[in-house]
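What follows is one structure encoded as structure tokens, with my remarks underneath.
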Amino acid sequence: MVGETTGVLFAELAAATEDVRAESRRLGKVERIAAALRGLAPEERVAGASYLAGSPRQRVLGVGWASLRDDPPLPADEATLSVAEVDAVLAQVAASSGAGSVAARRAALGALMARATASEQAFLRALVLGDIRQGALAAVVGDAVAKAADVPLKDVRRALMLRGDLGAVAAVALAGEDLGQFRLEVGRPISPMLASTAPDVDAALEKTGPAAVEWKLDGARIQVHRSGDQVAIFTRTLDDVTARIPEVVEAALALSAESFVLDGEAIALREDGRPHPFQVTGSRFASKSGVLLTPLFFDVMHLDGADLLDEPGSVRASALAGLVPERWRAPRGGPEQLEIALARGHEGVVVKALDAPYEAGRRGSAWVKVKPVHTLDLVVLAVEWGSGRRRGKLSNLWLGARVEDGFVMLGKTFKGLTDAMLAWQTEKLLELETGREGHVVHVRPELVVEIAFDGVQTSPRYPGGVALRFARVLRHRPDKPAAQADTLDAVLAVRDA
DNA sequence: TTCCGACAGTGGGGTCGCAAT
DNA sequence: ATTGCGACCCCACTATCGGAA
């Protein structure tokens with residue numbers, strides 16, 4: 001519990017975020033954030049706690065990087081902005097998103113920036129861009145909420161899991177109210193449970209213990225809530241997409257239960273049951289026209305008044321089988337399912353511990369995904385200077401495959417690089433430099449890198465008409481001449497396999 | 001003392017709707 | 001009519017801290 005305060009200036013939160021960024025210890029960050037939380041007046045807590053976690057309280061502002069590209073206005077000398085004033089302006093900006101002019105939003109934001117000190121301007125910018133880089137987001141701030149409110153950490157985590165809104169949870173905790181009020185509520189989304197990764201089914205089983213093996217479908221995650229004839233559907237980031245996929249609403253209404261919360265995937269399937277490329281599903285999701293999506297459910301968190309979150313996975317699977325017909329369920333079985341899923345054109349499998357509860361929002365070892373990986377030896381055509389902790393290092397590689405008269409670019413990657421690899425490639429690529437354009441360093445196409453990727457997709461952007469999906473670096477191959485790198489034909493062979 | 005789970009950071013490709021040009 | 005922008009859909013991987021073993 002905390003004493004009533006008269007509130008804080010926005011500048012105090014800006015100062016807090018600078019302190020947190022400068023502090024490397026997680027416990028130190030928590031301590032500093034807790035101190036800032038304690039200073040918030042009751043009516044500032046929702047917005048203030050959100051700011052400390054790096055995001056405005058409004059989900060969508062309708063302004064982004066381009067709106068902040070120009071130099072900020074001259075900063076104010078003195079800090080005068082209150083948290084409430086900032087919140088009011090951002091609420092006004094958000095309210096015009098999708099309905100008003102970009103210029104009006106930019107003007108409102110600009111006026112706010114003009115009233116801010118240099119430190120506040122930097123903080124505002126970070127909030128708008130979602131680019132706080134202080135080493136603490138909602139999870140760490142949740143620890144600070146527990147500390148500031150003097151309540152058990154597990155209670156805060158549970159509330160965050162069930163509400164997914166740090167500001168709301170912080171306000172309740174700091175007010176000394178019962179966090180038990182955050183319960184699974186039909187119609188209100190919870191953070192979906194996530195999966196970690198393993199190279200094969202055996203490795204996955206080592207992490208999970210006794211488990212079922214379920215097809216992994218390359219669609220979009222959906223969480224379907226139904227109460228009576230009311231249906232609501234949410235995505236992985238808890239956006240409400242009910243109006244965009246009426247066919248899934250219909251499917252939910254066809255099930256024989258009064259109320260439920262289901263977890264699943266919505267995917268575009270062809271006549272023969274094989275999946276369309278992910279781009280087809282993605283397009284349908286964004287546009288509300290096009291090919292129909294099929295829901296394939298794999299979990300049930302609530303059924304007719306009973307919360308199933310804490311039930312073992314095997315019990316939830318049985319409940320699901322009793323509620324949802326087979327054609328709307330993700331196939332599930334033993335290790336043989338990997339071969340079957342791949343033969344049917346699907347992505348892979350998720351290995352799911354039989355005894356695990358539904359751990360909303362966590363990426364634990366209870367669910368482990370297994371997908372086949374392709375590799376190719378490609379050539380570095382250019383590289384971009386990194387940012388943040390990669391500042392001063394050449395980071396993001398432009399990758400090319402060999403063609404008759406040179407190389408054709410297939411995409412970029414920055415993934416998989418250790419600090420040692422970053423240091424090595426920075427030195428090596430500077431030796432190969434042929435010129436610069438902005439933050440791009442062009443190089444002689446001589447360095448070969450072994451690249452892992454999940455698949456080949458058609459690309460409107462790259463000259464070969466294809467791009468790699470989820471490319472990452474496995475290792476540098478200074479031993480291999482570029483003339484022996486893989487060809488575009490080899491890439492197309494992967495696509496057509 | 002060592003190990004490992006959780007977290008944050010660093011960015012990737014594609015698609016759409018909408019406003020500005 | 002085109003283009004730029006913002007918002008989301010999919011995401012892999014490494015470094016670090018600190019509690020668990």
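Identifiers in the structure tokens: chain A, B, ... in order shown; residue index from 1 per chain; ligand index from 1 in order shown.
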
### Task
Taking only C-alpha atoms (C1' of nucleotides) into account, report as a ChimeraX atom specification which residues of chain B lie within 8 Å of chain A.
/B:7-16,18-19

Would you export the selected residues with N, CA and C atoms (P, O5', C5', C4', C3', O3' and C1' of nucleotides) as a CSV table (one decimal), in the first residue's frame, please?
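Saved file out-v6.csv follows:
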chain,number,residue,atom,x,y,z
B,7,DC,P,9.0,-13.5,-18.0
B,7,DC,O5',10.0,-12.4,-18.6
B,7,DC,C5',11.0,-11.9,-17.8
B,7,DC,C4',11.9,-11.0,-18.6
B,7,DC,C3',11.2,-10.2,-19.7
B,7,DC,O3',11.1,-8.9,-19.4
B,7,DC,C1',13.3,-11.2,-20.4
B,8,DA,P,10.5,-7.8,-20.3
B,8,DA,O5',11.8,-7.3,-21.2
B,8,DA,C5',12.9,-6.8,-20.5
B,8,DA,C4',14.0,-6.5,-21.5
B,8,DA,C3',13.6,-5.6,-22.6
B,8,DA,O3',14.6,-4.6,-22.7
B,8,DA,C1',14.6,-7.6,-23.4
B,9,DG,P,14.4,-3.5,-23.8
B,9,DG,O5',15.4,-4.0,-25.0
B,9,DG,C5',16.7,-4.2,-24.7
B,9,DG,C4',17.4,-4.8,-26.0
B,9,DG,C3',17.2,-4.0,-27.2
B,9,DG,O3',18.5,-3.8,-27.8
B,9,DG,C1',16.7,-6.2,-27.6
B,10,DT,P,18.7,-2.7,-28.9
B,10,DT,O5',18.7,-3.6,-30.3
B,10,DT,C5',19.7,-4.5,-30.6
B,10,DT,C4',19.4,-5.3,-31.8
B,10,DT,C3',18.8,-4.4,-33.0
B,10,DT,O3',19.5,-4.6,-34.2
B,10,DT,C1',17.6,-6.4,-32.6
B,11,DG,P,19.6,-3.3,-35.2
B,11,DG,O5',18.0,-3.1,-35.5
B,11,DG,C5',17.4,-3.3,-36.8
B,11,DG,C4',17.1,-4.7,-37.1
B,11,DG,C3',16.0,-4.9,-38.2
B,11,DG,O3',16.6,-4.9,-39.4
B,11,DG,C1',15.7,-6.4,-36.3
B,12,DG,P,15.6,-4.8,-40.7
B,12,DG,O5',15.0,-6.2,-40.9
B,12,DG,C5',15.9,-7.2,-41.4
B,12,DG,C4',15.1,-8.5,-41.7
B,12,DG,C3',13.9,-8.2,-42.6
B,12,DG,O3',14.3,-8.4,-44.0
B,12,DG,C1',13.3,-9.7,-40.8
B,13,DG,P,13.3,-7.8,-45.2
B,13,DG,O5',12.1,-8.9,-45.2
B,13,DG,C5',12.4,-10.2,-45.7
B,13,DG,C4',11.1,-10.8,-46.1
B,13,DG,C3',10.3,-9.9,-47.0
B,13,DG,O3',9.6,-10.7,-48.0
B,13,DG,C1',9.0,-10.2,-45.0
B,14,DG,P,8.8,-10.0,-49.1
B,14,DG,O5',7.3,-10.0,-48.5
B,14,DG,C5',6.7,-11.3,-48.2
B,14,DG,C4',5.3,-11.0,-47.8
B,14,DG,C3',4.5,-10.1,-48.7
B,14,DG,O3',3.3,-10.8,-49.1
B,14,DG,C1',4.3,-9.4,-46.4
B,15,DT,P,2.4,-10.1,-50.2
B,15,DT,O5',1.3,-9.4,-49.3
B,15,DT,C5',0.4,-10.2,-48.5
B,15,DT,C4',-0.5,-9.2,-47.8
B,15,DT,C3',-1.1,-8.2,-48.7
B,15,DT,O3',-2.5,-8.5,-48.9
B,15,DT,C1',-0.3,-7.2,-46.6
B,16,DC,P,-3.4,-7.5,-49.9
B,16,DC,O5',-4.1,-6.5,-49.0
B,16,DC,C5',-4.9,-6.9,-47.9
B,16,DC,C4',-5.1,-5.8,-46.9
B,16,DC,C3',-5.7,-4.6,-47.6
B,16,DC,O3',-7.1,-4.6,-47.3
B,16,DC,C1',-3.9,-4.0,-46.1
B,18,DC,P,-10.3,2.2,-45.1
B,18,DC,O5',-9.3,3.4,-45.1
B,18,DC,C5',-8.6,3.7,-43.9
B,18,DC,C4',-7.6,4.8,-44.1
B,18,DC,C3',-8.2,6.0,-44.9
B,18,DC,O3',-8.0,7.2,-44.1
B,18,DC,C1',-6.2,5.3,-45.8
B,19,DA,P,-8.8,8.5,-44.5
B,19,DA,O5',-7.5,9.5,-44.7
B,19,DA,C5',-6.5,9.4,-43.8
B,19,DA,C4',-5.3,10.1,-44.3
B,19,DA,C3',-5.5,11.4,-45.0
B,19,DA,O3',-4.6,12.4,-44.6
B,19,DA,C1',-4.5,10.0,-46.5

### Message
Which residues are close to A:Val491, i.e. within 10 Å by only C-alpha atoms (C1' of nucleotides), leaving aside same-chain residues fewer than 4 positions away? Reply as a ChimeraX atom specification.
### Response
/A:374-376,401-402,410,455-456,466-468,486-487,495-496

Residues just named, written with N, CA, C and O atoms as a PDB file, in the first residue's frame:
ATOM      1  N   HIS A 374      15.877 -25.303 -43.496  1.00  0.00           N
ATOM      2  CA  HIS A 374      16.702 -25.399 -44.701  1.00  0.00           C
ATOM      3  C   HIS A 374      17.962 -24.576 -44.502  1.00  0.00           C
ATOM      4  O   HIS A 374      17.960 -23.629 -43.729  1.00  0.00           O
ATOM      5  N   THR A 375      19.023 -24.935 -45.208  1.00  0.00           N
ATOM      6  CA  THR A 375      20.222 -24.101 -45.173  1.00  0.00           C
ATOM      7  C   THR A 375      20.766 -23.897 -46.583  1.00  0.00           C
ATOM      8  O   THR A 375      20.621 -24.767 -47.451  1.00  0.00           O
ATOM      9  N   LEU A 376      21.390 -22.742 -46.782  1.00  0.00           N
ATOM     10  CA  LEU A 376      22.039 -22.424 -48.049  1.00  0.00           C
ATOM     11  C   LEU A 376      23.293 -21.599 -47.757  1.00  0.00           C
ATOM     12  O   LEU A 376      23.349 -20.907 -46.738  1.00  0.00           O
ATOM     13  N   ALA A 401      21.897 -14.781 -53.845  1.00  0.00           N
ATOM     14  CA  ALA A 401      22.184 -16.091 -54.429  1.00  0.00           C
ATOM     15  C   ALA A 401      22.844 -15.858 -55.790  1.00  0.00           C
ATOM     16  O   ALA A 401      22.639 -14.831 -56.429  1.00  0.00           O
ATOM     17  N   ARG A 402      23.602 -16.835 -56.210  1.00  0.00           N
ATOM     18  CA  ARG A 402      24.361 -16.724 -57.442  1.00  0.00           C
ATOM     19  C   ARG A 402      23.438 -16.901 -58.654  1.00  0.00           C
ATOM     20  O   ARG A 402      22.554 -17.775 -58.646  1.00  0.00           O
ATOM     21  N   LEU A 410      18.024 -11.800 -51.894  1.00  0.00           N
ATOM     22  CA  LEU A 410      16.907 -12.614 -51.393  1.00  0.00           C
ATOM     23  C   LEU A 410      16.364 -12.131 -50.069  1.00  0.00           C
ATOM     24  O   LEU A 410      15.445 -12.745 -49.517  1.00  0.00           O
ATOM     25  N   GLY A 455      11.673 -21.214 -45.103  1.00  0.00           N
ATOM     26  CA  GLY A 455      11.032 -21.477 -46.381  1.00  0.00           C
ATOM     27  C   GLY A 455      11.271 -20.332 -47.343  1.00  0.00           C
ATOM     28  O   GLY A 455      11.920 -19.344 -47.005  1.00  0.00           O
ATOM     29  N   VAL A 456      10.751 -20.504 -48.544  1.00  0.00           N
ATOM     30  CA  VAL A 456      10.901 -19.503 -49.593  1.00  0.00           C
ATOM     31  C   VAL A 456       9.519 -18.961 -49.912  1.00  0.00           C
ATOM     32  O   VAL A 456       8.580 -19.730 -50.107  1.00  0.00           O
ATOM     33  N   VAL A 466      11.534 -13.824 -55.176  1.00  0.00           N
ATOM     34  CA  VAL A 466      11.433 -14.683 -53.995  1.00  0.00           C
ATOM     35  C   VAL A 466      12.239 -14.083 -52.849  1.00  0.00           C
ATOM     36  O   VAL A 466      13.187 -13.324 -53.064  1.00  0.00           O
ATOM     37  N   ALA A 467      11.831 -14.435 -51.633  1.00  0.00           N
ATOM     38  CA  ALA A 467      12.560 -14.010 -50.444  1.00  0.00           C
ATOM     39  C   ALA A 467      12.570 -15.163 -49.457  1.00  0.00           C
ATOM     40  O   ALA A 467      11.694 -16.024 -49.485  1.00  0.00           O
ATOM     41  N   LEU A 468      13.573 -15.162 -48.580  1.00  0.00           N
ATOM     42  CA  LEU A 468      13.660 -16.207 -47.562  1.00  0.00           C
ATOM     43  C   LEU A 468      12.798 -15.835 -46.378  1.00  0.00           C
ATOM     44  O   LEU A 468      12.690 -14.676 -46.002  1.00  0.00           O
ATOM     45  N   ASP A 486      25.514 -20.959 -53.247  1.00  0.00           N
ATOM     46  CA  ASP A 486      24.331 -21.555 -53.861  1.00  0.00           C
ATOM     47  C   ASP A 486      23.698 -20.609 -54.881  1.00  0.00           C
ATOM     48  O   ASP A 486      23.795 -19.393 -54.781  1.00  0.00           O
ATOM     49  N   THR A 487      22.997 -21.209 -55.831  1.00  0.00           N
ATOM     50  CA  THR A 487      22.416 -20.458 -56.943  1.00  0.00           C
ATOM     51  C   THR A 487      20.931 -20.171 -56.692  1.00  0.00           C
ATOM     52  O   THR A 487      20.295 -20.795 -55.835  1.00  0.00           O
ATOM     53  N   ARG A 495      11.850 -24.036 -52.832  1.00  0.00           N
ATOM     54  CA  ARG A 495      10.460 -23.593 -52.874  1.00  0.00           C
ATOM     55  C   ARG A 495       9.565 -24.661 -53.490  1.00  0.00           C
ATOM     56  O   ARG A 495       8.450 -24.907 -53.014  1.00  0.00           O
ATOM     57  N   ASP A 496      10.058 -25.315 -54.549  1.00  0.00           N
ATOM     58  CA  ASP A 496       9.211 -26.229 -55.315  1.00  0.00           C
ATOM     59  C   ASP A 496       9.225 -27.652 -54.766  1.00  0.00           C
ATOM     60  O   ASP A 496       8.520 -28.513 -55.282  1.00  0.00           O
TER      61      ASP A 496
END

### Surrounding residues of stretch 435-447 of chain A excluding itself and chain neighbours under 2 positions, 6 Å, only C-alpha atoms (C1' of nucleotides), as a count of residues only
10

### Query
Mind listing as a list of chain:residue names which residues of chain C are within 7 Å of chain A, counting only C-alpha atoms (C1' of nucleotides)?
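Written out as asked, the residues are C:DG6, C:DC9, C:DC11, C:DA12, C:DC13, C:DT14, C:DC17.
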
### Task
Give the strand (DSSP E or B) residues of stretch 60-250 of chain A, as DSSP finds them on the backbone, and put them as number ranges by chain.
A: 82, 194-197, 211-216, 220-227, 230-234, 240

### Message
Using DSSP assignments from the backbone, pull out every residue in stretch 179-352 of chain A that falls under helix (DSSP H, G or I) and give it to me as a PyMOL selection string.
### Response
chain A and resi 179-181+201-208+242-244+246-253+278-287+313-323+326-328+337-343

### Query
Could you pull the residues within 12 Å of A:Ile233, counting only C-alpha atoms (C1' of nucleotides), minus those fewer than 2 positions along the same chain, as a PyMOL selection string?
chain A and resi 186-190+220-227+230-231+235-252+260-266+295

### Message
Ranking C:DC10, C:DC5, C:DA15, C:DA21 by minimum distance to B:DA20 and counting only C-alpha atoms (C1' of nucleotides), which one comes first?
### Response
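Ranking C:DC10, C:DC5, C:DA15, C:DA21 by distance to B:DA20, first place goes to C:DC5.
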
### Query
Near A:Met421, within 9 Å and counting only C-alpha atoms (C1' of nucleotides), which residues show up once chain neighbours fewer than 4 positions away are dropped, as number ranges by chain?
A: 417, 425-426, 475-476

Selection export as a PDB file, in the first residue's frame, atoms kept: N, CA and C atoms:
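Final output, saved to again_23.pdb:
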ATOM      1  N   LEU A 417      23.740 -13.920 -34.897  1.00  0.00           N
ATOM      2  CA  LEU A 417      25.111 -13.437 -34.754  1.00  0.00           C
ATOM      3  C   LEU A 417      25.472 -13.265 -33.280  1.00  0.00           C
ATOM      4  N   GLN A 425      32.732  -9.841 -38.489  1.00  0.00           N
ATOM      5  CA  GLN A 425      32.184  -9.451 -39.798  1.00  0.00           C
ATOM      6  C   GLN A 425      32.307  -7.942 -40.025  1.00  0.00           C
ATOM      7  N   THR A 426      32.313  -7.161 -38.933  1.00  0.00           N
ATOM      8  CA  THR A 426      32.506  -5.722 -39.088  1.00  0.00           C
ATOM      9  C   THR A 426      33.867  -5.454 -39.715  1.00  0.00           C
ATOM     10  N   ARG A 475      26.814 -19.538 -39.692  1.00  0.00           N
ATOM     11  CA  ARG A 475      28.257 -19.273 -39.559  1.00  0.00           C
ATOM     12  C   ARG A 475      28.773 -18.567 -40.794  1.00  0.00           C
ATOM     13  N   HIS A 476      29.892 -17.883 -40.610  1.00  0.00           N
ATOM     14  CA  HIS A 476      30.596 -17.297 -41.746  1.00  0.00           C
ATOM     15  C   HIS A 476      31.401 -18.392 -42.440  1.00  0.00           C
TER      16      HIS A 476
END

### Message
Quick one: residues within 6 Å of A:Ala144, only C-alpha atoms (C1' of nucleotides), excluding same-chain residues fewer than 3 positions away - as a list in words?
### Response
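Everything that qualifies: Val30, Ile33, Ala34, Val141, Lys147 and Ala148 of chain A.
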
Give me a file of those residues, with N, CA and C atoms, as a PDB file, in the first residue's frame.
ATOM      1  N   VAL A  30      14.012  -2.647 -11.092  1.00  0.00           N
ATOM      2  CA  VAL A  30      12.733  -2.838 -10.404  1.00  0.00           C
ATOM      3  C   VAL A  30      12.589  -1.827  -9.266  1.00  0.00           C
ATOM      4  N   ILE A  33      11.887   1.689 -10.687  1.00  0.00           N
ATOM      5  CA  ILE A  33      10.527   1.805 -11.233  1.00  0.00           C
ATOM      6  C   ILE A  33       9.507   1.812 -10.099  1.00  0.00           C
ATOM      7  N   ALA A  34       9.754   1.000  -9.091  1.00  0.00           N
ATOM      8  CA  ALA A  34       8.834   0.963  -7.944  1.00  0.00           C
ATOM      9  C   ALA A  34       8.769   2.338  -7.281  1.00  0.00           C
ATOM     10  N   VAL A 141       8.245  -4.373 -15.162  1.00  0.00           N
ATOM     11  CA  VAL A 141       7.453  -3.368 -14.448  1.00  0.00           C
ATOM     12  C   VAL A 141       6.421  -4.056 -13.544  1.00  0.00           C
ATOM     13  N   LYS A 147       6.356  -4.842  -5.910  1.00  0.00           N
ATOM     14  CA  LYS A 147       7.209  -4.239  -4.882  1.00  0.00           C
ATOM     15  C   LYS A 147       6.566  -2.958  -4.327  1.00  0.00           C
ATOM     16  N   ALA A 148       6.113  -2.092  -5.244  1.00  0.00           N
ATOM     17  CA  ALA A 148       5.566  -0.804  -4.814  1.00  0.00           C
ATOM     18  C   ALA A 148       4.279  -0.976  -4.020  1.00  0.00           C
TER      19      ALA A 148
END

Please build the interface table for stretch 218-259 of chain A against stretch 306-317 of chain A with a cut-off of 12 Å, listing for each qualifying residue the nearest atom pair and the distance in Å to one decimal; count only C-alpha atoms, order rows by chain and increasing number, and write it as CSV.
residue,atom,partner,partner_atom,distance
A:Ala257,CA,A:Ala306,CA,11.9
A:Glu258,CA,A:Ala306,CA,11.4
A:Ser259,CA,A:Ala306,CA,9.4

May I have the residues from that selection written out with C-alpha atoms, as a PDB file, in the first residue's frame?
ATOM      1  CA  ALA A 257     -22.173 -25.147 -25.456  1.00  0.00           C
ATOM      2  CA  GLU A 258     -23.419 -22.071 -23.705  1.00  0.00           C
ATOM      3  CA  SER A 259     -20.043 -20.438 -23.142  1.00  0.00           C
TER       4      SER A 259
END

### Query
Quick one: distance from atom CA of A:Leu37 to atom CA of A:Val145 in Å, one decimal?
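These atoms are spaced 7.2 Å apart.
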
### Task
Please indicate the distance in Å from atom CA of A:Thr294 to atom CA of A:Arg327, rounded to one decimal place.
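Separation between atom CA of A:Thr294 and atom CA of A:Arg327: 9.2 Å.
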